[in-house]
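A.B. asks: Provided below: query.cif, containing mmCIF, C-alpha atoms.
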data_upload
#
loop_
_atom_site.group_PDB
_atom_site.id
_atom_site.type_symbol
_atom_site.label_atom_id
_atom_site.label_comp_id
_atom_site.auth_asym_id
_atom_site.auth_seq_id
_atom_site.Cartn_x
_atom_site.Cartn_y
_atom_site.Cartn_z
ATOM 1 C CA MET X 1 -147.500 -171.682 70.591
ATOM 2 C CA ALA X 2 -149.786 -168.703 71.167
ATOM 3 C CA LEU X 3 -149.341 -166.868 74.442
ATOM 4 C CA VAL X 4 -153.054 -166.027 74.391
ATOM 5 C CA SER X 5 -155.349 -168.896 73.474
ATOM 6 C CA TYR X 6 -158.687 -168.290 71.788
ATOM 7 C CA GLU X 7 -161.919 -170.241 71.956
ATOM 8 C CA LEU X 8 -165.430 -169.441 70.758
ATOM 9 C CA GLU X 9 -168.210 -170.924 72.894
ATOM 10 C CA ASP X 10 -171.778 -170.179 71.780
ATOM 11 C CA GLY X 11 -170.833 -166.744 70.552
ATOM 12 C CA ILE X 12 -168.621 -165.975 73.572
ATOM 13 C CA ALA X 13 -164.934 -165.467 72.813
ATOM 14 C CA VAL X 14 -162.674 -166.724 75.611
ATOM 15 C CA LEU X 15 -159.224 -165.123 75.539
ATOM 16 C CA THR X 16 -156.883 -166.908 77.939
ATOM 17 C CA LEU X 17 -153.447 -165.655 78.951
ATOM 18 C CA SER X 18 -151.208 -168.695 78.552
ATOM 19 C CA ARG X 19 -147.824 -167.975 80.091
ATOM 20 C CA PRO X 20 -148.340 -169.535 83.523
ATOM 21 C CA GLU X 21 -144.663 -170.272 84.125
ATOM 22 C CA LYS X 22 -144.087 -166.486 84.183
ATOM 23 C CA ARG X 23 -147.273 -165.762 86.151
ATOM 24 C CA ASN X 24 -148.680 -164.478 82.844
ATOM 25 C CA ALA X 25 -146.397 -161.444 82.882
ATOM 26 C CA MET X 26 -147.160 -159.380 79.785
ATOM 27 C CA SER X 27 -144.369 -159.516 77.219
ATOM 28 C CA ASP X 28 -144.385 -157.816 73.832
ATOM 29 C CA ALA X 29 -145.165 -161.159 72.188
ATOM 30 C CA MET X 30 -148.093 -161.804 74.541
ATOM 31 C CA LEU X 31 -149.449 -158.314 73.889
ATOM 32 C CA ASN X 32 -149.294 -158.972 70.150
ATOM 33 C CA ASP X 33 -151.165 -162.263 70.622
ATOM 34 C CA LEU X 34 -153.743 -160.517 72.805
ATOM 35 C CA GLY X 35 -154.265 -157.874 70.132
ATOM 36 C CA ALA X 36 -154.795 -160.537 67.473
ATOM 37 C CA ALA X 37 -157.295 -162.360 69.690
ATOM 38 C CA VAL X 38 -159.169 -159.123 70.395
ATOM 39 C CA ASP X 39 -159.396 -158.390 66.678
ATOM 40 C CA ARG X 40 -160.694 -161.897 65.993
ATOM 41 C CA ALA X 41 -163.305 -161.624 68.743
ATOM 42 C CA ALA X 42 -164.523 -158.337 67.264
ATOM 43 C CA LYS X 43 -165.347 -160.156 64.029
ATOM 44 C CA GLU X 44 -167.145 -163.223 65.358
ATOM 45 C CA ALA X 45 -168.216 -162.884 69.007
ATOM 46 C CA LYS X 46 -171.102 -161.208 70.805
ATOM 47 C CA ALA X 47 -169.213 -160.893 74.101
ATOM 48 C CA ALA X 48 -165.821 -161.924 75.446
ATOM 49 C CA VAL X 49 -164.175 -163.254 78.596
ATOM 50 C CA LEU X 50 -160.585 -162.528 79.637
ATOM 51 C CA ALA X 51 -159.130 -165.394 81.665
ATOM 52 C CA ALA X 52 -155.736 -166.901 82.484
ATOM 53 C CA LYS X 53 -154.049 -170.270 82.933
ATOM 54 C CA GLY X 54 -152.124 -171.164 86.061
ATOM 55 C CA ASP X 55 -152.268 -169.743 89.558
ATOM 56 C CA HIS X 56 -152.379 -166.059 88.598
ATOM 57 C CA PHE X 57 -154.273 -163.816 86.207
ATOM 58 C CA CYS X 58 -151.345 -161.526 85.396
ATOM 59 C CA ALA X 59 -148.372 -160.401 87.487
ATOM 60 C CA GLY X 60 -147.826 -157.338 85.318
ATOM 61 C CA LEU X 61 -145.194 -156.182 82.883
ATOM 62 C CA ASP X 62 -142.316 -158.467 81.857
ATOM 63 C CA LEU X 63 -139.634 -156.448 83.663
ATOM 64 C CA LYS X 64 -136.710 -158.373 82.166
ATOM 65 C CA GLU X 65 -137.831 -157.303 78.726
ATOM 66 C CA GLN X 66 -138.509 -153.743 79.877
ATOM 67 C CA VAL X 67 -135.043 -152.967 81.288
ATOM 68 C CA GLU X 68 -133.473 -153.610 77.890
ATOM 69 C CA LYS X 69 -135.530 -150.924 76.115
ATOM 70 C CA SER X 70 -134.502 -147.387 75.221
ATOM 71 C CA VAL X 71 -136.666 -144.390 76.119
ATOM 72 C CA MET X 72 -138.302 -144.302 72.703
ATOM 73 C CA GLU X 73 -138.847 -148.073 72.735
ATOM 74 C CA GLY X 74 -140.469 -147.732 76.135
ATOM 75 C CA ILE X 75 -142.833 -145.038 74.880
ATOM 76 C CA ALA X 76 -143.723 -147.141 71.840
ATOM 77 C CA GLY X 77 -144.342 -150.135 74.084
ATOM 78 C CA SER X 78 -146.659 -148.174 76.368
ATOM 79 C CA ARG X 79 -148.605 -146.850 73.407
ATOM 80 C CA SER X 80 -148.949 -150.416 72.115
ATOM 81 C CA TRP X 81 -150.612 -151.377 75.403
ATOM 82 C CA HIS X 82 -152.931 -148.386 75.027
ATOM 83 C CA ALA X 83 -153.841 -149.405 71.474
ATOM 84 C CA VAL X 84 -154.743 -153.002 72.368
ATOM 85 C CA PHE X 85 -156.587 -152.075 75.547
ATOM 86 C CA SER X 86 -158.517 -149.370 73.692
ATOM 87 C CA ARG X 87 -159.796 -151.987 71.245
ATOM 88 C CA ILE X 88 -161.116 -153.894 74.257
ATOM 89 C CA GLN X 89 -162.690 -150.841 75.907
ATOM 90 C CA ARG X 90 -164.013 -149.093 72.831
ATOM 91 C CA GLY X 91 -164.947 -152.018 70.627
ATOM 92 C CA ALA X 92 -168.410 -153.327 69.838
ATOM 93 C CA ILE X 93 -168.602 -156.211 72.332
ATOM 94 C CA PRO X 94 -168.488 -156.251 76.148
ATOM 95 C CA TYR X 95 -165.547 -157.878 77.961
ATOM 96 C CA PHE X 96 -165.780 -159.717 81.281
ATOM 97 C CA ALA X 97 -162.532 -160.356 83.188
ATOM 98 C CA ALA X 98 -162.242 -163.548 85.266
ATOM 99 C CA LEU X 99 -159.598 -162.779 87.889
ATOM 100 C CA HIS X 100 -157.676 -165.008 90.269
ATOM 101 C CA GLY X 101 -154.358 -164.997 92.106
ATOM 102 C CA ALA X 102 -152.178 -161.987 91.322
ATOM 103 C CA VAL X 103 -153.705 -159.058 89.471
ATOM 104 C CA VAL X 104 -150.693 -156.822 89.774
ATOM 105 C CA GLY X 105 -149.380 -153.790 87.907
ATOM 106 C CA GLY X 106 -150.079 -154.303 84.229
ATOM 107 C CA GLY X 107 -152.423 -157.140 85.155
ATOM 108 C CA LEU X 108 -154.644 -154.657 86.957
ATOM 109 C CA GLU X 109 -154.378 -152.315 83.982
ATOM 110 C CA LEU X 110 -155.579 -155.111 81.706
ATOM 111 C CA ALA X 111 -158.434 -155.970 84.077
ATOM 112 C CA ALA X 112 -159.427 -152.294 84.171
ATOM 113 C CA ALA X 113 -159.799 -152.321 80.384
ATOM 114 C CA ALA X 114 -162.597 -154.886 80.683
ATOM 115 C CA HIS X 115 -166.150 -153.695 81.255
ATOM 116 C CA VAL X 116 -167.013 -156.029 84.147
ATOM 117 C CA ARG X 117 -164.579 -157.728 86.541
ATOM 118 C CA VAL X 118 -165.206 -160.934 88.494
ATOM 119 C CA ALA X 119 -162.668 -162.001 91.128
ATOM 120 C CA ASP X 120 -162.111 -165.266 92.966
ATOM 121 C CA ALA X 121 -161.973 -164.890 96.726
ATOM 122 C CA ASN X 122 -158.228 -165.635 96.543
ATOM 123 C CA THR X 123 -157.428 -162.723 94.218
ATOM 124 C CA HIS X 124 -155.105 -159.922 95.294
ATOM 125 C CA PHE X 125 -154.440 -156.561 93.651
ATOM 126 C CA ALA X 126 -151.384 -154.315 93.751
ATOM 127 C CA LEU X 127 -149.630 -151.479 91.908
ATOM 128 C CA PRO X 128 -145.956 -151.880 92.889
ATOM 129 C CA GLU X 129 -144.522 -149.701 90.106
ATOM 130 C CA ALA X 130 -143.100 -147.062 92.477
ATOM 131 C CA GLN X 131 -141.192 -149.758 94.386
ATOM 132 C CA ARG X 132 -139.663 -150.855 91.055
ATOM 133 C CA GLY X 133 -138.702 -147.285 90.147
ATOM 134 C CA ILE X 134 -141.228 -147.039 87.311
ATOM 135 C CA PHE X 135 -144.764 -145.788 86.632
ATOM 136 C CA VAL X 136 -147.928 -147.336 85.235
ATOM 137 C CA GLY X 137 -147.819 -147.442 81.438
ATOM 138 C CA GLY X 138 -150.786 -149.519 80.319
ATOM 139 C CA GLY X 139 -153.520 -146.950 80.888
ATOM 140 C CA GLY X 140 -153.700 -147.384 84.645
ATOM 141 C CA SER X 141 -153.387 -143.689 85.475
ATOM 142 C CA VAL X 142 -156.659 -143.192 83.602
ATOM 143 C CA ASN X 143 -158.579 -146.463 83.861
ATOM 144 C CA VAL X 144 -157.620 -147.742 87.316
ATOM 145 C CA ALA X 145 -157.937 -144.248 88.792
ATOM 146 C CA ARG X 146 -161.457 -143.971 87.383
ATOM 147 C CA LEU X 147 -162.444 -147.204 89.096
ATOM 148 C CA MET X 148 -161.043 -146.622 92.580
ATOM 149 C CA GLY X 149 -160.349 -142.882 92.659
ATOM 150 C CA VAL X 150 -157.035 -141.045 92.520
ATOM 151 C CA ALA X 151 -156.465 -140.942 96.297
ATOM 152 C CA ARG X 152 -156.745 -144.704 96.667
ATOM 153 C CA MET X 153 -154.507 -145.327 93.678
ATOM 154 C CA VAL X 154 -151.915 -142.916 95.081
ATOM 155 C CA ASP X 155 -151.990 -144.856 98.365
ATOM 156 C CA MET X 156 -151.455 -148.195 96.601
ATOM 157 C CA MET X 157 -148.602 -146.880 94.464
ATOM 158 C CA LEU X 158 -146.797 -145.028 97.266
ATOM 159 C CA THR X 159 -147.075 -147.713 99.930
ATOM 160 C CA GLY X 160 -147.260 -150.971 97.969
ATOM 161 C CA ARG X 161 -150.596 -151.747 99.584
ATOM 162 C CA VAL X 162 -152.112 -155.050 98.474
ATOM 163 C CA LEU X 163 -155.899 -155.320 98.251
ATOM 164 C CA SER X 164 -157.903 -158.471 98.872
ATOM 165 C CA ALA X 165 -160.817 -159.337 96.618
ATOM 166 C CA GLU X 166 -163.251 -157.985 99.198
ATOM 167 C CA GLU X 167 -161.346 -154.704 99.509
ATOM 168 C CA ALA X 168 -161.183 -154.420 95.719
ATOM 169 C CA GLU X 169 -164.951 -154.834 95.578
ATOM 170 C CA ARG X 170 -165.407 -152.051 98.139
ATOM 171 C CA TYR X 171 -163.051 -149.852 96.115
ATOM 172 C CA GLY X 172 -165.095 -150.418 92.956
ATOM 173 C CA VAL X 173 -162.281 -152.288 91.226
ATOM 174 C CA VAL X 174 -164.300 -155.489 90.853
ATOM 175 C CA ASN X 175 -168.022 -155.985 90.349
ATOM 176 C CA TYR X 176 -168.382 -159.527 91.710
ATOM 177 C CA VAL X 177 -166.487 -161.758 94.136
ATOM 178 C CA THR X 178 -166.976 -165.516 93.898
ATOM 179 C CA GLU X 179 -165.791 -168.519 95.832
ATOM 180 C CA SER X 180 -162.297 -169.737 94.993
ATOM 181 C CA GLY X 181 -162.274 -171.150 91.482
ATOM 182 C CA GLY X 182 -165.616 -169.623 90.524
ATOM 183 C CA ALA X 183 -164.627 -166.462 88.640
ATOM 184 C CA ARG X 184 -164.483 -167.913 85.147
ATOM 185 C CA ALA X 185 -167.870 -169.610 85.407
ATOM 186 C CA LYS X 186 -169.444 -166.394 86.713
ATOM 187 C CA ALA X 187 -167.799 -164.326 83.980
ATOM 188 C CA MET X 188 -169.120 -166.763 81.361
ATOM 189 C CA GLU X 189 -172.607 -166.540 82.870
ATOM 190 C CA LEU X 190 -172.556 -162.754 82.693
ATOM 191 C CA ALA X 191 -171.119 -162.742 79.170
ATOM 192 C CA ARG X 192 -173.930 -165.019 77.969
ATOM 193 C CA ILE X 193 -176.499 -162.620 79.427
ATOM 194 C CA ALA X 194 -174.863 -159.625 77.748
ATOM 195 C CA ALA X 195 -174.579 -161.493 74.449
ATOM 196 C CA CYS X 196 -178.387 -161.669 74.334
ATOM 197 C CA ASN X 197 -178.720 -157.880 74.411
ATOM 198 C CA ALA X 198 -179.256 -155.829 71.283
ATOM 199 C CA PRO X 199 -175.783 -155.325 69.717
ATOM 200 C CA LEU X 200 -176.368 -151.596 69.286
ATOM 201 C CA SER X 201 -177.371 -151.256 72.949
ATOM 202 C CA ASN X 202 -174.180 -153.026 74.037
ATOM 203 C CA TYR X 203 -172.161 -150.765 71.757
ATOM 204 C CA ALA X 204 -173.843 -147.688 73.225
ATOM 205 C CA VAL X 205 -173.293 -148.827 76.814
ATOM 206 C CA ILE X 206 -169.559 -149.414 76.423
ATOM 207 C CA ASN X 207 -168.883 -146.455 74.133
ATOM 208 C CA ALA X 208 -171.387 -143.736 75.034
ATOM 209 C CA LEU X 209 -171.458 -144.005 78.828
ATOM 210 C CA PRO X 210 -167.724 -143.311 79.363
ATOM 211 C CA ARG X 211 -167.838 -140.371 76.968
ATOM 212 C CA ILE X 212 -170.956 -138.941 78.619
ATOM 213 C CA HIS X 213 -169.245 -139.288 81.989
ATOM 214 C CA ASP X 214 -166.254 -137.311 80.701
ATOM 215 C CA SER X 215 -168.335 -134.543 79.114
ATOM 216 C CA GLY X 216 -170.030 -131.488 80.556
ATOM 217 C CA TYR X 217 -173.500 -131.736 82.100
ATOM 218 C CA ASP X 218 -175.501 -130.246 79.218
ATOM 219 C CA GLU X 219 -173.355 -131.981 76.612
ATOM 220 C CA GLY X 220 -173.887 -135.296 78.379
ATOM 221 C CA LEU X 221 -177.652 -134.945 78.425
ATOM 222 C CA PHE X 222 -177.716 -133.958 74.755
ATOM 223 C CA PHE X 223 -175.537 -136.930 73.825
ATOM 224 C CA GLU X 224 -177.798 -139.185 75.895
ATOM 225 C CA SER X 225 -180.884 -138.024 73.985
ATOM 226 C CA MET X 226 -179.236 -138.780 70.660
ATOM 227 C CA ILE X 227 -178.104 -142.265 71.693
ATOM 228 C CA ALA X 228 -181.450 -143.120 73.318
ATOM 229 C CA THR X 229 -183.353 -142.166 70.189
ATOM 230 C CA LEU X 230 -180.926 -143.943 67.881
ATOM 231 C CA THR X 231 -181.306 -147.231 69.752
ATOM 232 C CA GLN X 232 -185.090 -147.025 70.152
ATOM 233 C CA VAL X 233 -185.943 -146.687 66.458
ATOM 234 C CA THR X 234 -184.085 -149.792 65.267
ATOM 235 C CA PRO X 235 -186.064 -152.891 64.168
ATOM 236 C CA ASP X 236 -184.306 -154.894 66.878
ATOM 237 C CA ALA X 237 -185.510 -152.517 69.603
ATOM 238 C CA GLN X 238 -189.027 -152.406 68.185
ATOM 239 C CA GLU X 239 -189.234 -156.196 68.225
ATOM 240 C CA ARG X 240 -187.917 -156.426 71.787
ATOM 241 C CA LEU X 241 -190.253 -153.695 73.041
ATOM 242 C CA ARG X 242 -193.285 -155.373 71.467
ATOM 243 C CA ALA X 243 -192.307 -158.678 73.047
ATOM 244 C CA PHE X 244 -192.134 -156.996 76.437
ATOM 245 C CA LEU X 245 -195.489 -155.264 75.985
ATOM 246 C CA ASP X 246 -197.053 -158.553 74.866
ATOM 247 C CA LYS X 247 -195.635 -160.223 78.000
ATOM 248 C CA LYS X 248 -193.499 -162.556 75.902
ATOM 249 C CA ALA X 249 -190.174 -161.312 77.223
ATOM 250 C CA PRO X 250 -188.668 -162.504 80.523
ATOM 251 C CA ARG X 251 -189.168 -160.184 83.491
ATOM 252 C CA LEU X 252 -186.466 -158.950 85.828
ATOM 253 C CA ALA X 253 -184.909 -161.544 88.106
ATOM 254 C CA ILE X 254 -185.549 -159.816 91.436
ATOM 255 C CA PRO X 255 -183.262 -161.070 94.239
ATOM 256 C CA ALA X 256 -184.955 -163.024 97.004
ATOM 257 C CA GLU X 257 -185.569 -161.065 100.189
ATOM 258 C CA ARG X 258 -182.726 -161.467 102.664
ATOM 259 C CA GLY X 259 -183.204 -162.046 106.333
ATOM 260 C CA GLY X 260 -186.907 -162.728 106.454
ATOM 261 C CA GLY X 261 -188.677 -163.183 109.732
ATOM 262 C CA ALA X 262 -192.213 -162.482 110.846
#
Could you render the structure as structure tokens?

C.D. replies:
Amino acid sequence: MALVSYELEDGIAVLTLSRPEKRNAMSDAMLNDLGAAVDRAAKEAKAAVLAAKGDHFCAGLDLKEQVEKSVMEGIAGSRSWHAVFSRIQRGAIPYFAALHGAVVGGGLELAAAAHVRVADANTHFALPEAQRGIFVGGGGSVNVARLMGVARMVDMMLTGRVLSAEEAERYGVVNYVTESGGARAKAMELARIAACNAPLSNYAVINALPRIHDSGYDEGLFFESMIATLTQVTPDAQERLRAFLDKKAPRLAIPAERGGGA
């Protein structure tokens, strides 16, 4: 039985962690299944959703498996996490994470590899590695730190601080907070919207923006000019631009005014 189930719904790949009896702790076998699902999604989906069965998204690394590894096996294992997560981050399709329950340690590292994160109101986030005598090994020192900032990550790792969904939203860890039980539906809604974008634009957003952010100022602007021009001259872009100019494309969905009052 696969530890990560795979479904394709209207062009949206749904990758579901399926080890609920272990709070979806990430074992080597689950990581291998996740990698296979990611590779399949790259071939046939326009967007993807990361979800999980049971009461928790992912409680982190399978520690029982970890303590039995040698130093070199541990390094190889960490690099395997990096390889799979990189295929999520730097692939051709956007990933939306539907989070609930525990998003802890390696679970937060996995969530950080997605491009957009949606959390149920009951979700909590933690990085307890220091309390276990270890360190993040699934890309967290890069990806989680970029989301919340180094100082906040240091605080969480040193003190064992646990964030609520609302605090995680304020920290920039999650993009949306829903009512309890609503994260998957919201993630699917967002994935369907993204799947309608031009594939090259999606590719540029998830691959060019992080690299521009990491580059120097002038280099970033030069790179931006190249990517902007590349996307604009494609037949897909030309068709979409003409539809907009001819008023055949949908306009922006502007949020209703809050508060009101005369």

A.B. asks: For the structure provided, state which residues fall under the PyMOL selection byres ((chain X and resi 231-239) around 12), and present them as a VMD selection string.

C.D. replies: chain X and resid 196 to 205 208 224 to 230 240 to 246 248 to 249

A.B. asks: Sort by chain and increasing residue number a table of all residues of stretch 129-229 of chain X within 12 Å of stretch 55-78 of chain X, each with its closest pair of atoms and their distance in Å to one decimal, counting all atoms listed in the file, and write it as a Markdown table.

C.D. replies:
| residue | atom | partner | partner_atom | distance |
| --- | --- | --- | --- | --- |
| X:Glu129 | CA | X:Gly60 | CA | 9.6 |
| X:Arg132 | CA | X:Leu63 | CA | 9.3 |
| X:Gly133 | CA | X:Val67 | CA | 11.1 |
| X:Ile134 | CA | X:Leu63 | CA | 10.2 |
| X:Phe135 | CA | X:Ser78 | CA | 10.7 |
| X:Val136 | CA | X:Ser78 | CA | 9.0 |
| X:Gly137 | CA | X:Ser78 | CA | 5.3 |
| X:Gly138 | CA | X:Ser78 | CA | 5.9 |
| X:Gly139 | CA | X:Ser78 | CA | 8.3 |
| X:Gly140 | CA | X:Ser78 | CA | 10.9 |
| X:Ser180 | CA | X:Asp55 | CA | 11.4 |
| X:Gly181 | CA | X:Asp55 | CA | 10.3 |
| X:Ala183 | CA | X:Phe57 | CA | 11.0 |
| X:Arg184 | CA | X:Phe57 | CA | 11.1 |

A.B. asks: Report, in Å with one decimal, the straight-line distance from atom CA of X:Gly91 to atom CA of X:Glu166.

C.D. replies: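 Separation between atom CA of X:Gly91 and atom CA of X:Glu166: 29.2 Å.
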
A.B. asks: For the file shown, report as an NGL selection string the outcome of the PyMOL selection byres ((chain X and resi 106-113) around 9) at residue level.

C.D. replies: :X and (24-26 or 50 or 57-61 or 81 or 85-86 or 88-89 or 95-99 or 102-105 or 114-117 or 125-127 or 136-141 or 143-144 or 147 or 173-174)

A.B. asks: Care to translate the PyMOL selection byres ((chain X and resi 192) around 9) into actual residues of this file, as a PyMOL selection string?

C.D. replies: chain X and resi 10-12+46-47+187-191+193-196

A.B. asks: Using atom CA of X:Asp39 and atom CA of X:Ser215 as the two end points, give the distance in Å to one decimal.

C.D. replies: 28.3 Å

A.B. asks: What is the atom CA of X:Val118-atom CA of X:Gly182 distance in Å, reported with one decimal?

C.D. replies: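 Taking atom CA of X:Val118 as the start and atom CA of X:Gly182 as the end point, the length is 8.9 Å.
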
A.B. asks: Of the candidates X:Ala2, X:Ala36, X:Leu31, X:Ala121, which one gets nearest to X:Ser18 if we count all atoms listed in the file?

C.D. replies: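 Residue with the minimum atom-to-atom distance to X:Ser18: X:Ala2.
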
A.B. asks: Leaving out X:Asp33 and any residue of its chain fewer than 3 positions from it, which residues lie within 9 Å of it when counting only C-alpha atoms, given as JSON, numbers by chain?

C.D. replies: {"X": [2, 3, 4, 5, 28, 29, 30, 36, 37, 38]}

A.B. asks: Which residue out of X:Thr123, X:Ser80, X:Ser27, X:Thr16 has the minimum interatomic distance to X:Glu169 when all atoms listed in the file are used?

C.D. replies: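 Residue with the minimum atom-to-atom distance to X:Glu169: X:Thr123.
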
A.B. asks: Between X:Ile212, X:Ala119, X:Val142, X:Leu17, which is the closest to X:Ala168 once you count only C-alpha atoms?

C.D. replies: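 Nearest to X:Ala168: X:Ala119.
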
A.B. asks: So, counting all atoms listed in the file, which residue among X:Leu252, X:Leu221, X:Met148, X:Val14 is closest to X:Glu167?

C.D. replies: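 Nearest candidate to X:Glu167 out of X:Leu252, X:Leu221, X:Met148, X:Val14: X:Met148.
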